[in-house]
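Structure file query29.cif (mmCIF, C-alpha atoms) is printed below.
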data_input
loop_
_atom_site.label_atom_id
_atom_site.label_comp_id
_atom_site.auth_asym_id
_atom_site.auth_seq_id
_atom_site.Cartn_x
_atom_site.Cartn_y
_atom_site.Cartn_z
CA MET A 181 -13.29 -27.18 -14.22
CA ILE A 182 -9.63 -26.43 -13.50
CA THR A 183 -8.40 -26.73 -9.95
CA GLY A 184 -5.72 -24.19 -9.04
CA ILE A 185 -2.76 -24.91 -6.79
CA ASP A 186 -4.57 -23.15 -3.94
CA GLY A 187 -7.23 -25.84 -4.04
CA LYS A 188 -9.86 -23.59 -5.53
CA SER A 189 -11.73 -24.31 -8.76
CA GLN A 190 -9.99 -21.68 -10.81
CA PRO A 191 -6.80 -21.50 -12.83
CA ASN A 192 -3.64 -20.05 -11.33
CA VAL A 193 -2.04 -17.77 -13.93
CA VAL A 194 1.58 -16.74 -13.50
CA ASN A 195 3.06 -14.22 -15.92
CA ASN A 196 6.82 -14.46 -16.45
CA VAL A 197 8.13 -10.95 -17.13
CA LEU A 198 11.43 -9.10 -17.27
CA LEU A 199 11.92 -6.65 -14.39
CA ASN A 200 12.76 -3.38 -16.15
CA THR A 201 11.23 -3.62 -19.59
CA GLU A 202 8.05 -5.54 -18.79
CA TYR A 203 7.18 -5.64 -15.09
CA LEU A 204 7.97 -2.00 -14.28
CA TYR A 205 6.28 -0.82 -17.49
CA GLY A 206 3.06 -2.34 -16.12
CA ILE A 207 3.18 -0.93 -12.57
CA ASP A 208 0.12 1.28 -12.14
CA GLU A 209 0.60 3.05 -8.81
CA MET A 210 0.73 6.65 -10.06
CA PRO A 211 -1.07 8.53 -12.87
CA SER A 212 1.19 8.61 -15.93
CA SER A 213 -0.27 12.01 -16.83
CA TRP A 214 1.75 13.59 -14.02
CA GLY A 215 4.73 13.57 -16.34
CA ALA A 216 2.85 14.80 -19.41
CA SER A 217 4.85 18.03 -19.57
CA GLY A 218 7.94 15.95 -20.27
CA SER A 219 9.99 17.54 -17.52
CA GLY A 220 9.76 19.05 -14.07
CA LYS A 221 8.37 17.67 -10.83
CA GLY A 222 5.72 15.50 -12.47
CA LEU A 223 8.23 13.43 -14.41
CA GLN A 224 10.54 13.33 -11.39
CA ALA A 225 7.69 11.89 -9.33
CA LEU A 226 7.21 9.14 -11.90
CA GLU A 227 10.92 8.38 -11.90
CA ALA A 228 10.88 8.17 -8.09
CA GLN A 229 7.97 5.75 -8.32
CA ALA A 230 9.88 3.61 -10.81
CA ILE A 231 12.87 3.47 -8.46
CA VAL A 232 10.88 2.43 -5.39
CA ALA A 233 8.81 -0.05 -7.42
CA ARG A 234 12.04 -1.67 -8.64
CA GLY A 235 13.43 -1.75 -5.11
CA TYR A 236 10.26 -3.28 -3.72
CA ALA A 237 10.25 -5.96 -6.40
CA VAL A 238 13.92 -6.85 -5.96
CA GLN A 239 13.70 -6.98 -2.16
CA THR A 240 10.55 -9.10 -2.31
CA ILE A 241 12.08 -11.52 -4.80
CA LEU A 242 15.26 -11.89 -2.72
CA ARG A 243 13.35 -12.83 0.42
CA SER A 244 10.39 -14.59 -1.16
CA THR A 245 9.43 -18.13 -0.26
CA SER A 246 6.79 -20.41 -1.71
CA THR A 247 3.44 -18.65 -2.01
CA ALA A 248 -0.06 -19.78 -2.85
CA CYS A 249 0.30 -18.33 -6.34
CA ASN A 250 3.72 -19.95 -6.95
CA CYS A 251 5.05 -16.52 -7.87
CA ASN A 252 7.41 -13.85 -6.57
CA LEU A 253 4.96 -10.95 -6.70
CA TYR A 254 1.19 -10.60 -6.78
CA ASP A 255 -0.38 -8.19 -9.27
CA ASP A 256 -2.46 -6.38 -6.64
CA THR A 257 -1.98 -4.54 -3.35
CA ARG A 258 -0.50 -7.65 -1.73
CA SER A 259 2.60 -6.59 -3.66
CA GLN A 260 2.23 -3.75 -6.18
CA ASN A 261 -0.59 -2.82 -8.53
CA TYR A 262 0.49 -4.38 -11.82
CA THR A 263 -1.86 -3.97 -14.78
CA GLY A 264 0.53 -4.90 -17.57
CA TRP A 265 -0.15 -3.62 -21.05
CA SER A 266 -3.16 -1.55 -19.99
CA LYS A 267 -0.66 0.72 -18.19
CA GLN A 268 2.10 0.76 -20.78
CA GLY A 269 -0.25 0.95 -23.74
CA GLY A 270 -2.84 3.18 -22.09
CA SER A 271 -3.18 6.93 -21.87
CA TYR A 272 0.23 8.55 -21.33
CA GLY A 273 1.76 5.07 -21.25
CA SER A 274 4.76 6.30 -23.19
CA THR A 275 5.32 8.93 -20.50
CA TRP A 276 5.48 6.28 -17.78
CA LYS A 277 7.77 4.15 -19.95
CA LYS A 278 10.06 7.16 -20.39
CA ALA A 279 10.23 7.63 -16.62
CA VAL A 280 11.12 3.98 -16.05
CA ASP A 281 13.80 4.10 -18.77
CA ALA A 282 15.31 7.21 -17.17
CA THR A 283 16.12 5.15 -14.06
CA THR A 284 18.12 2.45 -15.82
CA THR A 285 21.11 2.21 -18.13
CA LYS A 286 22.92 -0.59 -19.94
CA THR A 287 25.22 -1.07 -16.96
CA SER A 288 23.14 -0.23 -13.87
CA ASP A 289 19.68 0.33 -12.49
CA LYS A 290 18.77 2.97 -9.94
CA ILE A 291 17.75 1.32 -6.68
CA LEU A 292 17.80 2.59 -3.09
CA THR A 293 20.24 1.14 -0.58
CA TYR A 294 21.05 1.64 3.09
CA LYS A 295 24.52 0.82 4.39
CA GLY A 296 25.25 -1.09 1.22
CA ASN A 297 22.10 -3.23 1.23
CA PHE A 298 18.91 -3.04 -0.81
CA ILE A 299 16.15 -1.48 1.25
CA GLU A 300 12.47 -2.24 1.63
CA THR A 301 10.82 0.56 -0.34
CA THR A 302 7.27 0.62 0.96
CA TYR A 303 5.37 3.77 0.05
CA PHE A 304 2.16 5.73 0.68
CA ALA A 305 -0.26 7.01 -1.93
CA ALA A 306 -1.33 9.78 0.43
CA THR A 307 -1.38 10.54 4.16
CA GLY A 308 -4.00 11.86 6.52
CA ALA A 309 -4.64 15.34 7.85
CA SER A 310 -1.79 14.99 10.36
CA GLY A 311 0.66 15.52 7.51
CA ARG A 312 3.06 12.70 8.41
CA THR A 313 3.87 9.31 6.98
CA GLY A 314 3.81 6.27 9.25
CA SER A 315 6.74 4.39 10.77
CA ASN A 316 7.15 0.73 9.84
CA GLN A 317 6.73 -0.55 13.40
CA ASP A 318 3.44 1.34 13.76
CA VAL A 319 2.08 0.41 10.34
CA PHE A 320 3.17 -3.22 10.03
CA GLY A 321 4.36 -4.22 13.50
CA SER A 322 7.81 -5.12 12.19
CA THR A 323 11.10 -4.37 13.93
CA LYS A 324 11.95 -0.66 13.79
CA ILE A 325 13.93 0.22 10.67
CA ALA A 326 15.90 3.48 10.66
CA TYR A 327 15.05 4.46 7.08
CA LEU A 328 11.34 3.67 7.45
CA GLN A 329 10.49 6.18 10.16
CA GLY A 330 7.69 8.70 9.70
CA VAL A 331 8.51 12.05 8.14
CA ALA A 332 6.60 15.24 7.48
CA ASP A 333 4.30 15.19 4.45
CA PRO A 334 3.14 18.70 3.54
CA TYR A 335 2.31 17.60 0.00
CA THR A 336 -0.88 15.56 0.35
CA ALA A 337 -2.85 18.54 1.62
CA LYS A 338 -1.62 20.61 -1.33
CA ALA A 339 -2.25 17.94 -3.97
CA ALA A 340 -4.60 19.66 -6.38
CA GLY A 341 -4.96 16.51 -8.48
CA LEU A 342 -5.99 14.24 -5.60
CA PRO A 343 -9.64 13.18 -6.10
CA ALA A 344 -12.05 14.63 -3.56
CA ALA A 345 -13.20 11.09 -2.74
CA ASP A 346 -9.67 10.29 -1.53
CA LYS A 347 -9.47 13.37 0.67
CA ALA A 348 -12.80 12.88 2.44
CA TRP A 349 -14.41 9.45 2.18
CA THR A 350 -16.99 7.35 3.97
CA ASP A 351 -17.47 3.61 4.23
CA THR A 352 -19.51 1.18 6.29
CA VAL A 353 -18.40 -1.56 8.67
CA SER A 354 -20.84 -4.31 9.59
CA GLU A 355 -21.69 -5.01 13.21
CA ALA A 356 -20.73 -8.64 12.61
CA THR A 357 -17.19 -7.57 11.68
CA LEU A 358 -16.89 -5.35 14.75
CA SER A 359 -18.35 -8.00 17.05
CA LYS A 360 -15.69 -10.45 15.90
CA ILE A 361 -12.86 -7.93 16.36
CA PHE A 362 -13.93 -6.88 19.86
CA ASP A 363 -15.35 -10.25 20.92
CA LEU A 364 -18.67 -8.66 21.88
CA PRO A 365 -22.16 -9.99 21.06
CA THR A 366 -23.23 -6.56 19.81
CA VAL A 367 -21.46 -3.29 18.97
CA ARG A 368 -23.44 -0.08 19.06
CA SER A 369 -20.63 2.47 18.98
CA VAL A 370 -16.89 2.70 18.38
CA THR A 371 -14.56 5.50 19.41
CA ILE A 372 -10.93 6.19 18.53
CA THR A 373 -8.98 6.47 21.78
CA ALA A 374 -5.39 6.51 20.50
CA LYS A 375 -3.52 7.28 17.29
CA TYR A 376 0.04 6.83 16.15
CA GLY A 377 2.22 9.89 15.55
CA SER A 378 1.26 9.78 11.88
CA GLY A 379 -2.42 10.13 12.74
CA GLN A 380 -3.17 6.52 11.83
CA VAL A 381 -5.53 4.68 14.13
CA LYS A 382 -3.96 2.73 17.00
CA THR A 383 -6.68 1.89 19.56
CA LEU A 384 -10.45 1.58 19.21
CA LYS A 385 -13.00 1.18 22.00
CA ALA A 386 -16.32 -0.52 21.31
CA THR A 387 -19.49 -0.34 23.37
CA SER A 388 -22.11 -3.08 23.25
CA ALA A 389 -25.88 -2.73 23.50
CA THR A 390 -25.65 -3.52 27.23
CA GLY A 391 -22.96 -0.90 27.85
CA THR A 392 -20.01 -3.28 28.01
CA THR A 393 -16.84 -1.71 26.60
CA LYS A 394 -13.71 -3.25 25.20
CA SER A 395 -10.57 -1.67 23.74
CA VAL A 396 -8.31 -3.22 21.12
CA THR A 397 -4.90 -1.95 19.99
CA ARG A 398 -3.47 -2.97 16.63
CA VAL A 399 -0.87 -1.85 14.14
CA ALA A 400 -2.32 0.58 11.61
CA ASP A 401 -2.41 -1.67 8.56
CA SER A 402 -4.17 -4.38 10.55
CA TRP A 403 -7.03 -1.95 11.22
CA ARG A 404 -7.27 -1.12 7.53
CA SER A 405 -7.41 -4.74 6.43
CA SER A 406 -9.62 -6.13 9.21
CA LEU A 407 -12.17 -3.32 8.83
CA GLY A 408 -12.05 -3.52 5.04
CA LEU A 409 -11.35 0.20 4.64
CA MET A 410 -9.40 2.05 1.96
CA SER A 411 -7.07 3.61 4.52
CA ASP A 412 -5.98 3.47 8.15
CA TRP A 413 -6.38 7.25 8.41
CA PHE A 414 -9.97 7.73 9.51
CA THR A 415 -11.77 9.83 12.10
CA LYS A 416 -14.98 7.99 12.94
CA ILE A 417 -16.64 4.57 12.77
CA THR A 418 -20.38 4.04 12.78
CA PRO A 419 -21.46 0.37 13.06
CA HIS A 420 -23.81 -0.72 10.28
CA VAL A 421 -26.46 -2.82 12.04
#

Entire entry expressed as structure tokens:
Amino acid sequence: MITGIDGKSQPNVVNNVLLNTEYLYGIDEMPSSWGASGSGKGLQALEAQAIVARGYAVQTILRSTSTACNCNLYDDTRSQNYTGWSKQGGSYGSTWKKAVDATTTKTSDKILTYKGNFIETTYFAATGASGRTGSNQDVFGSTKIAYLQGVADPYTAKAAGLPAADKAWTDTVSEATLSKIFDLPTVRSVTITAKYGSGQVKTLKATSATGTTKSVTRVADSWRSSLGLMSDWFTKITPHV
């Protein structure tokens, strides 16, 4: 049995890749088929994704410190969804590669800056029914950044290619998870009492079997991760006893 550097009995695999011609070719955050026509908005969307993916990688590498994986970037949602050759060599992989190549030349790479500095290019796959993206201080609890403030998003609602399961979804949250979050012995119901301007959940109030109530306020992404949900845009929670 191999013991990884995190102390667990599993190997720690780190893939050394070039930024533009290997790492970005394997970023799988957007369907490559969107650019299948070879031009127009679909290909432009892929090119925009390549630019923000590059910016995210560069910014993360510049500020990165030692991590459990001994790497600069994870291959999952802790950083960006990197699937390597399965993206580049998969269906419409050449289309995605074309979009990445369109954002770089022999002398420069397209990357977003603000006042002369590389910016943190976080991004949303889709937003909720409110039709707005979230602001960084509401989503992550970080200091307010001018270029990461919420803006109108009229596109998610019009996205014909967005799977129905992503527009209206259900999930379950165990009572044990809710009891730990609200520090209550039992949780029989949960109500949303406040939302951020983007529509993301801000405050939840839980009621125990004895009628005791307790409210907790968190940044949006903390609710998503602590509840184990696919998104922090949701409208109702039913405890799974």

| field | Selection result of the PyMOL selection byres ((chain A and resi 267-280) around 9) on this file, as a count of residues only | value | 33

| request: Could you tell me which of A:Asn196, A:Thr293, A:Thr415, A:Ser388 comes closest to Phe362 (chain A) if we count all atoms listed in the file? | output: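 For Phe362 (chain A), the nearest of the candidates is A:Ser388.
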
| the PyMOL selection byres ((chain A and resi 257) around 12) applied to the shown file, residues as a list in words | Ile207, Asp208, Glu209, Leu253, Tyr254, Asp255, Asp256, Arg258, Ser259, Gln260, Asn261, Tyr262, Thr263, Thr302, Tyr303, Phe304, Ala305, Ser405 and Met410 of chain A

| query | Hey, what comes out of the PyMOL selection byres ((chain A and resi 358) around 12) on this file? Could you write it as a PyMOL selection string? | reply | chain A and resi 352-357+359-370+384-388+394-396+403+406-408+417-421

For a cut-off of 9 Å around (-12.5, 9.1, 13.0), file coordinates, pick out all residues using all atoms listed in the file and list them as a PDB file with C-alpha atoms, in the frame of the given file.
ATOM      1  CA  THR A 371     -14.560   5.500  19.410  1.00  0.00           C
ATOM      2  CA  ILE A 372     -10.930   6.190  18.530  1.00  0.00           C
ATOM      3  CA  VAL A 381      -5.530   4.680  14.130  1.00  0.00           C
ATOM      4  CA  TRP A 413      -6.380   7.250   8.410  1.00  0.00           C
ATOM      5  CA  PHE A 414      -9.970   7.730   9.510  1.00  0.00           C
ATOM      6  CA  THR A 415     -11.770   9.830  12.100  1.00  0.00           C
ATOM      7  CA  LYS A 416     -14.980   7.990  12.940  1.00  0.00           C
ATOM      8  CA  ILE A 417     -16.640   4.570  12.770  1.00  0.00           C
TER       9      ILE A 417
END

| said: Using Å and a single decimal, report how far CA of Ile291 (chain A) sits from CA of Thr307 (chain A). | reply: 23.8 Å

| For Asp401 (chain A), which of A:Ala237, A:Cys251, A:Ile325, A:Val319 is the closest residue, counting all atoms listed in the file? |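 That would be A:Val319, the residue with the smallest distance to Asp401 (chain A).
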
| Using all atoms listed in the file, which residue out of A:Cys249, A:Lys375, A:Ser244, A:Gly220 lies closest to Val193 (chain A)? | A:Cys249

| Can you tell me how far CA of Thr393 (chain A) sits from CA of Ala374 (chain A), in Å to one decimal? | 15.4 Å

| field | A:Gly296, A:Gly377, A:Gly222, A:Gly311 ranked by distance to Gln329 (chain A), top pick (using all atoms listed in the file) | value |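 Closest candidate: A:Gly377.
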
| In Å to one decimal, how far is CA of Val232 (chain A) from CA of Val197 (chain A)? |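 Separating CA of Val197 (chain A) from CA of Val232 (chain A) is a distance of 18.0 Å.
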
| query | When distances are computed from all atoms listed in the file, which of A:Tyr376, A:Tyr327, A:Trp349, A:Phe298 shows the smallest separation from Gly235 (chain A)? | reply |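 Closest candidate: A:Phe298.
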
| query | Taking into account only C-alpha atoms, which residue in the set A:Glu300, A:Thr287, A:Leu292, A:Ser378 is nearest to Gly330 (chain A)? | reply |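 Answer, going by the shortest atom-to-atom distance: A:Ser378.
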